[in-house]
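Just below is one structure, and these are the notes that go with it.
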Amino acid sequence: MRKDRIEERLAALEKGFREVRAEQRQAIESLRDELRSFQEAILEDRIASINEVIKWYEEAAYDGAISGAARNFQDRMRTDCPPQYKRQECIDGLVDELKDDATRLRHAGDLKACIEGILEEDERELEKFKGMACERCLDAYVAERDELIGLAQKLAGLKADLASRGRLVYMGEMQDGPVISSVIEPLSHEARFRMLKRLAEGSLSFKELAGVSGFEGGHLNYHLVKLSQAGLIAKAEDGRYVLTDKGSGVMSLVKRLYEA
């Protein structure tokens with residue numbers, strides 16, 4: 001072959017490679033954009049779900065605490081009240097006080113400061129009844145108030161735990177290299193994607209994967225190593241290949257993207 005023909009052929013091949021790389025880069029960028037939008041939607045849904053769970057649990061917990069306190073007041077507060085006091089009115093008043101405490105605790109921006117404020121206010125009010133017959137009843141209130149404060153502290157810990165469990169990695173925190181090498185690049189090859197789809201249905205042997213991918217021997221092994229290094233598949237003790245939890249999650253994500 002003439003030298004000029006060889007150079008033309010090499011130039012054509014180089015141009016073809018550049019076009020393939022450009023197409024692959026465009027496909028990767030497109031997939032990353034879709035992943036970004038999908039992740040943001042998942043994050044919003046998860047935060048909303050967590051907040052709904054917390055809101056429901058808080059309401060149920062505080063309602064239960066107030067109802068229990070009202071019953072305890074009936075059992076613990078004295079019946080021989082001074083003539084100027086009506087027992088049920090005192091009970092209702094203390095229940096209302098606990099409801100007010102619960103509202104303040106639920107919506108406190110600074111729980112510690114809120115608790116300190118409640119304790120200081122109560123201390124000033126309780127001082128007015130020192131040495132009076134009402135002390136016994138107010139002791140019952142203090143016990144229920146302290147239970148309510150303990151509940152608020154437990155709920156604050158629960159909310160922090162749920163928030164941390166529900167947290168997703170934000171797009172800005174994702175590093176380009178690891179994302180491309182462990183998710184996007186493995187999915188960008190048609191044969192690898194076919195194998196992942198079949199593995200999503202169950203484990204496969206090396207021979208079965210050869211039939212799925214159309215590759216054999218070292219060529220097939222190369223693609224399996226790629227998927228293994230990305231953490232998407234693993235080789236089980238019986239020698240068959242299976243999807244990892246990460247692989248299952250990635251394929252579920254792709255399925256939802258396709259259905260969207």
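Chain labels run A, B, ... following the order of the structure tokens; each chain numbers its residues from 1, and ligands are numbered from 1 in the order shown.
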Excluding region 123-126 of chain A and its own-chain neighbours fewer than 4 positions away, which residues fall within 9 Å of it when counting only C-alpha atoms? Please give them as number ranges by chain. A: 118-119, 130, 135, 138
Under the rule that only C-alpha atoms are counted, which of A:Arg256, A:Lys154, A:Lys246, A:Lys55 is the nearest residue to Ala230 (chain A)? A:Lys246
Nearest residue to Glu185 (chain A) out of A:Ala200, A:Leu227, A:Leu220, A:Cys137, using only C-alpha atoms?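 With only C-alpha atoms as the atom set, the closest residue is A:Leu227.
Going from CA of His219 (chain A) over to CA of Asp238 (chain A), you cover 22.1 Å.
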Residue list (helix (DSSP H, G or I), DSSP) for region 83-141 of chain A, as JSON, numbers by chain: {"A": [87, 88, 89, 90, 91, 92, 93, 94, 95, 96, 97, 98, 99, 100, 101, 102, 103, 104, 105, 106, 111, 112, 113, 114, 115, 116, 117, 118, 119, 120, 121, 122, 123, 124, 125, 126, 127, 135, 136, 137, 138, 139, 140, 141]}
Residues from last step as file, N, CA and C atoms, as a tab-separated table (two decimals), in the first residue's frame:
```
chain	number	residue	atom	x	y	z
A	87	ARG	N	-60.95	21.13	92.31
A	87	ARG	CA	-59.96	20.12	91.90
A	87	ARG	C	-59.88	19.96	90.38
A	88	GLN	N	-61.03	19.78	89.73
A	88	GLN	CA	-61.00	19.53	88.28
A	88	GLN	C	-60.48	20.74	87.52
A	89	GLU	N	-60.78	21.93	88.00
A	89	GLU	CA	-60.26	23.13	87.33
A	89	GLU	C	-58.74	23.18	87.43
A	90	CYS	N	-58.21	22.76	88.59
A	90	CYS	CA	-56.76	22.72	88.75
A	90	CYS	C	-56.13	21.70	87.81
A	91	ILE	N	-56.78	20.53	87.72
A	91	ILE	CA	-56.28	19.49	86.81
A	91	ILE	C	-56.27	20.00	85.38
A	92	ASP	N	-57.40	20.60	84.96
A	92	ASP	CA	-57.49	21.12	83.59
A	92	ASP	C	-56.43	22.19	83.34
A	93	GLY	N	-56.20	23.04	84.34
A	93	GLY	CA	-55.20	24.10	84.19
A	93	GLY	C	-53.79	23.54	84.03
A	94	LEU	N	-53.47	22.50	84.82
A	94	LEU	CA	-52.14	21.90	84.71
A	94	LEU	C	-51.96	21.13	83.40
A	95	VAL	N	-53.03	20.50	82.93
A	95	VAL	CA	-52.97	19.82	81.62
A	95	VAL	C	-52.72	20.85	80.52
A	96	ASP	N	-53.41	22.00	80.60
A	96	ASP	CA	-53.19	23.07	79.61
A	96	ASP	C	-51.75	23.57	79.66
A	97	GLU	N	-51.20	23.65	80.87
A	97	GLU	CA	-49.81	24.08	81.03
A	97	GLU	C	-48.86	23.10	80.35
A	98	LEU	N	-49.14	21.81	80.50
A	98	LEU	CA	-48.31	20.79	79.84
A	98	LEU	C	-48.45	20.86	78.32
A	99	LYS	N	-49.65	21.13	77.84
A	99	LYS	CA	-49.85	21.27	76.40
A	99	LYS	C	-49.03	22.44	75.86
A	100	ASP	N	-49.01	23.54	76.62
A	100	ASP	CA	-48.21	24.70	76.22
A	100	ASP	C	-46.72	24.34	76.21
A	101	ASP	N	-46.30	23.61	77.24
A	101	ASP	CA	-44.90	23.16	77.28
A	101	ASP	C	-44.57	22.30	76.07
A	102	ALA	N	-45.49	21.39	75.73
A	102	ALA	CA	-45.26	20.48	74.59
A	102	ALA	C	-45.13	21.26	73.29
A	103	THR	N	-45.98	22.27	73.10
A	103	THR	CA	-45.91	23.09	71.89
A	103	THR	C	-44.57	23.82	71.80
A	104	ARG	N	-44.13	24.36	72.91
A	104	ARG	CA	-42.84	25.07	72.92
A	104	ARG	C	-41.69	24.11	72.63
A	105	LEU	N	-41.75	22.93	73.21
A	105	LEU	CA	-40.67	21.96	73.00
A	105	LEU	C	-40.64	21.47	71.55
A	106	ARG	N	-41.81	21.24	70.97
A	106	ARG	CA	-41.88	20.73	69.59
A	106	ARG	C	-41.28	21.70	68.60
A	111	LEU	N	-33.40	23.59	71.69
A	111	LEU	CA	-34.12	22.80	72.69
A	111	LEU	C	-33.58	23.06	74.09
A	112	LYS	N	-32.28	23.14	74.23
A	112	LYS	CA	-31.69	23.36	75.55
A	112	LYS	C	-32.16	24.67	76.16
A	113	ALA	N	-32.15	25.74	75.36
A	113	ALA	CA	-32.60	27.05	75.85
A	113	ALA	C	-34.09	27.02	76.18
A	114	CYS	N	-34.86	26.30	75.38
A	114	CYS	CA	-36.30	26.19	75.63
A	114	CYS	C	-36.56	25.50	76.97
A	115	ILE	N	-35.86	24.41	77.22
A	115	ILE	CA	-36.02	23.67	78.48
A	115	ILE	C	-35.65	24.55	79.67
A	116	GLU	N	-34.54	25.26	79.54
A	116	GLU	CA	-34.11	26.15	80.63
A	116	GLU	C	-35.16	27.23	80.90
A	117	GLY	N	-35.77	27.75	79.82
A	117	GLY	CA	-36.81	28.76	79.98
A	117	GLY	C	-38.02	28.23	80.72
A	118	ILE	N	-38.46	27.02	80.36
A	118	ILE	CA	-39.61	26.40	81.02
A	118	ILE	C	-39.32	26.18	82.51
A	119	LEU	N	-38.15	25.66	82.81
A	119	LEU	CA	-37.79	25.38	84.21
A	119	LEU	C	-37.72	26.66	85.04
A	120	GLU	N	-37.15	27.72	84.47
A	120	GLU	CA	-37.04	28.98	85.20
A	120	GLU	C	-38.42	29.59	85.47
A	121	GLU	N	-39.30	29.55	84.47
A	121	GLU	CA	-40.65	30.09	84.64
A	121	GLU	C	-41.42	29.30	85.70
A	122	ASP	N	-41.32	27.98	85.62
A	122	ASP	CA	-42.02	27.14	86.60
A	122	ASP	C	-41.49	27.39	88.02
A	123	GLU	N	-40.19	27.56	88.13
A	123	GLU	CA	-39.60	27.79	89.45
A	123	GLU	C	-40.18	29.04	90.09
A	124	ARG	N	-40.34	30.09	89.29
A	124	ARG	CA	-40.92	31.33	89.82
A	124	ARG	C	-42.37	31.14	90.24
A	125	GLU	N	-43.13	30.39	89.43
A	125	GLU	CA	-44.54	30.16	89.77
A	125	GLU	C	-44.69	29.26	90.98
A	126	LEU	N	-43.89	28.21	91.05
A	126	LEU	CA	-43.99	27.25	92.17
A	126	LEU	C	-43.62	27.90	93.50
A	127	GLU	N	-42.76	28.88	93.44
A	127	GLU	CA	-42.34	29.58	94.66
A	127	GLU	C	-43.53	30.23	95.36
A	135	GLU	N	-48.98	22.29	97.13
A	135	GLU	CA	-47.64	21.77	96.82
A	135	GLU	C	-47.68	20.33	96.32
A	136	ARG	N	-48.51	19.53	96.95
A	136	ARG	CA	-48.59	18.11	96.55
A	136	ARG	C	-49.04	17.98	95.10
A	137	CYS	N	-50.03	18.76	94.74
A	137	CYS	CA	-50.53	18.70	93.36
A	137	CYS	C	-49.49	19.23	92.37
A	138	LEU	N	-48.79	20.27	92.79
A	138	LEU	CA	-47.77	20.83	91.90
A	138	LEU	C	-46.58	19.90	91.76
A	139	ASP	N	-46.31	19.09	92.78
A	139	ASP	CA	-45.27	18.07	92.65
A	139	ASP	C	-45.63	17.07	91.55
A	140	ALA	N	-46.94	16.76	91.45
A	140	ALA	CA	-47.39	15.86	90.39
A	140	ALA	C	-47.17	16.50	89.02
A	141	TYR	N	-47.42	17.82	88.93
A	141	TYR	CA	-47.18	18.53	87.68
A	141	TYR	C	-45.70	18.49	87.31
```
So, with only C-alpha atoms as the atoms that count, which of A:Val212, A:Ala60, A:Met132, A:Leu148 lies closest to Leu199 (chain A)?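 Under the stated criterion, the closest residue is A:Val212.
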Do you know which residues are at most 8 Å from region 193-196 of chain A counting only C-alpha atoms, after dropping those on the same chain fewer than 4 positions away, and could you put them as a PyMOL selection string? chain A and resi 186-189+200+209+212-213+243+247+251
For the residues selected in the previous step, produce a file with N, CA and C atoms as a PDB file, in the first residue's frame.
```
ATOM      1  N   PRO A 186     -18.792   1.676  33.409  1.00  0.00           N
ATOM      2  CA  PRO A 186     -19.217   0.276  33.288  1.00  0.00           C
ATOM      3  C   PRO A 186     -20.540   0.117  32.542  1.00  0.00           C
ATOM      4  N   LEU A 187     -21.435   1.096  32.701  1.00  0.00           N
ATOM      5  CA  LEU A 187     -22.734   1.005  32.033  1.00  0.00           C
ATOM      6  C   LEU A 187     -22.674   1.412  30.565  1.00  0.00           C
ATOM      7  N   SER A 188     -21.590   2.077  30.163  1.00  0.00           N
ATOM      8  CA  SER A 188     -21.534   2.641  28.817  1.00  0.00           C
ATOM      9  C   SER A 188     -21.270   1.593  27.739  1.00  0.00           C
ATOM     10  N   HIS A 189     -20.888   0.377  28.134  1.00  0.00           N
ATOM     11  CA  HIS A 189     -20.627  -0.680  27.152  1.00  0.00           C
ATOM     12  C   HIS A 189     -21.866  -1.569  27.039  1.00  0.00           C
ATOM     13  N   ALA A 200     -29.456  -9.187  37.048  1.00  0.00           N
ATOM     14  CA  ALA A 200     -30.518  -8.652  37.908  1.00  0.00           C
ATOM     15  C   ALA A 200     -31.634  -9.677  38.096  1.00  0.00           C
ATOM     16  N   LEU A 209     -22.752 -16.191  30.823  1.00  0.00           N
ATOM     17  CA  LEU A 209     -22.444 -14.789  30.534  1.00  0.00           C
ATOM     18  C   LEU A 209     -21.815 -14.632  29.154  1.00  0.00           C
ATOM     19  N   VAL A 212     -24.678 -14.387  26.863  1.00  0.00           N
ATOM     20  CA  VAL A 212     -25.371 -13.101  26.986  1.00  0.00           C
ATOM     21  C   VAL A 212     -24.587 -11.986  26.305  1.00  0.00           C
ATOM     22  N   SER A 213     -23.266 -11.980  26.527  1.00  0.00           N
ATOM     23  CA  SER A 213     -22.438 -10.871  26.041  1.00  0.00           C
ATOM     24  C   SER A 213     -21.965 -11.039  24.608  1.00  0.00           C
ATOM     25  N   LEU A 243     -25.094 -10.008  41.156  1.00  0.00           N
ATOM     26  CA  LEU A 243     -25.070  -8.568  41.382  1.00  0.00           C
ATOM     27  C   LEU A 243     -24.792  -8.288  42.854  1.00  0.00           C
ATOM     28  N   GLY A 247     -24.691  -2.990  42.707  1.00  0.00           N
ATOM     29  CA  GLY A 247     -25.147  -3.293  41.357  1.00  0.00           C
ATOM     30  C   GLY A 247     -26.658  -3.297  41.255  1.00  0.00           C
ATOM     31  N   MET A 251     -28.917  -0.706  38.957  1.00  0.00           N
ATOM     32  CA  MET A 251     -29.878  -1.179  37.958  1.00  0.00           C
ATOM     33  C   MET A 251     -31.296  -0.720  38.286  1.00  0.00           C
TER      34      MET A 251
END
```
Measuring atom to atom with only C-alpha atoms, identify which of A:Arg240, A:Lys226, A:Arg71, A:Lys235 is nearest to Glu144 (chain A).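 Between A:Arg240, A:Lys226, A:Arg71, A:Lys235, the residue approaching Glu144 (chain A) most closely is A:Arg71.
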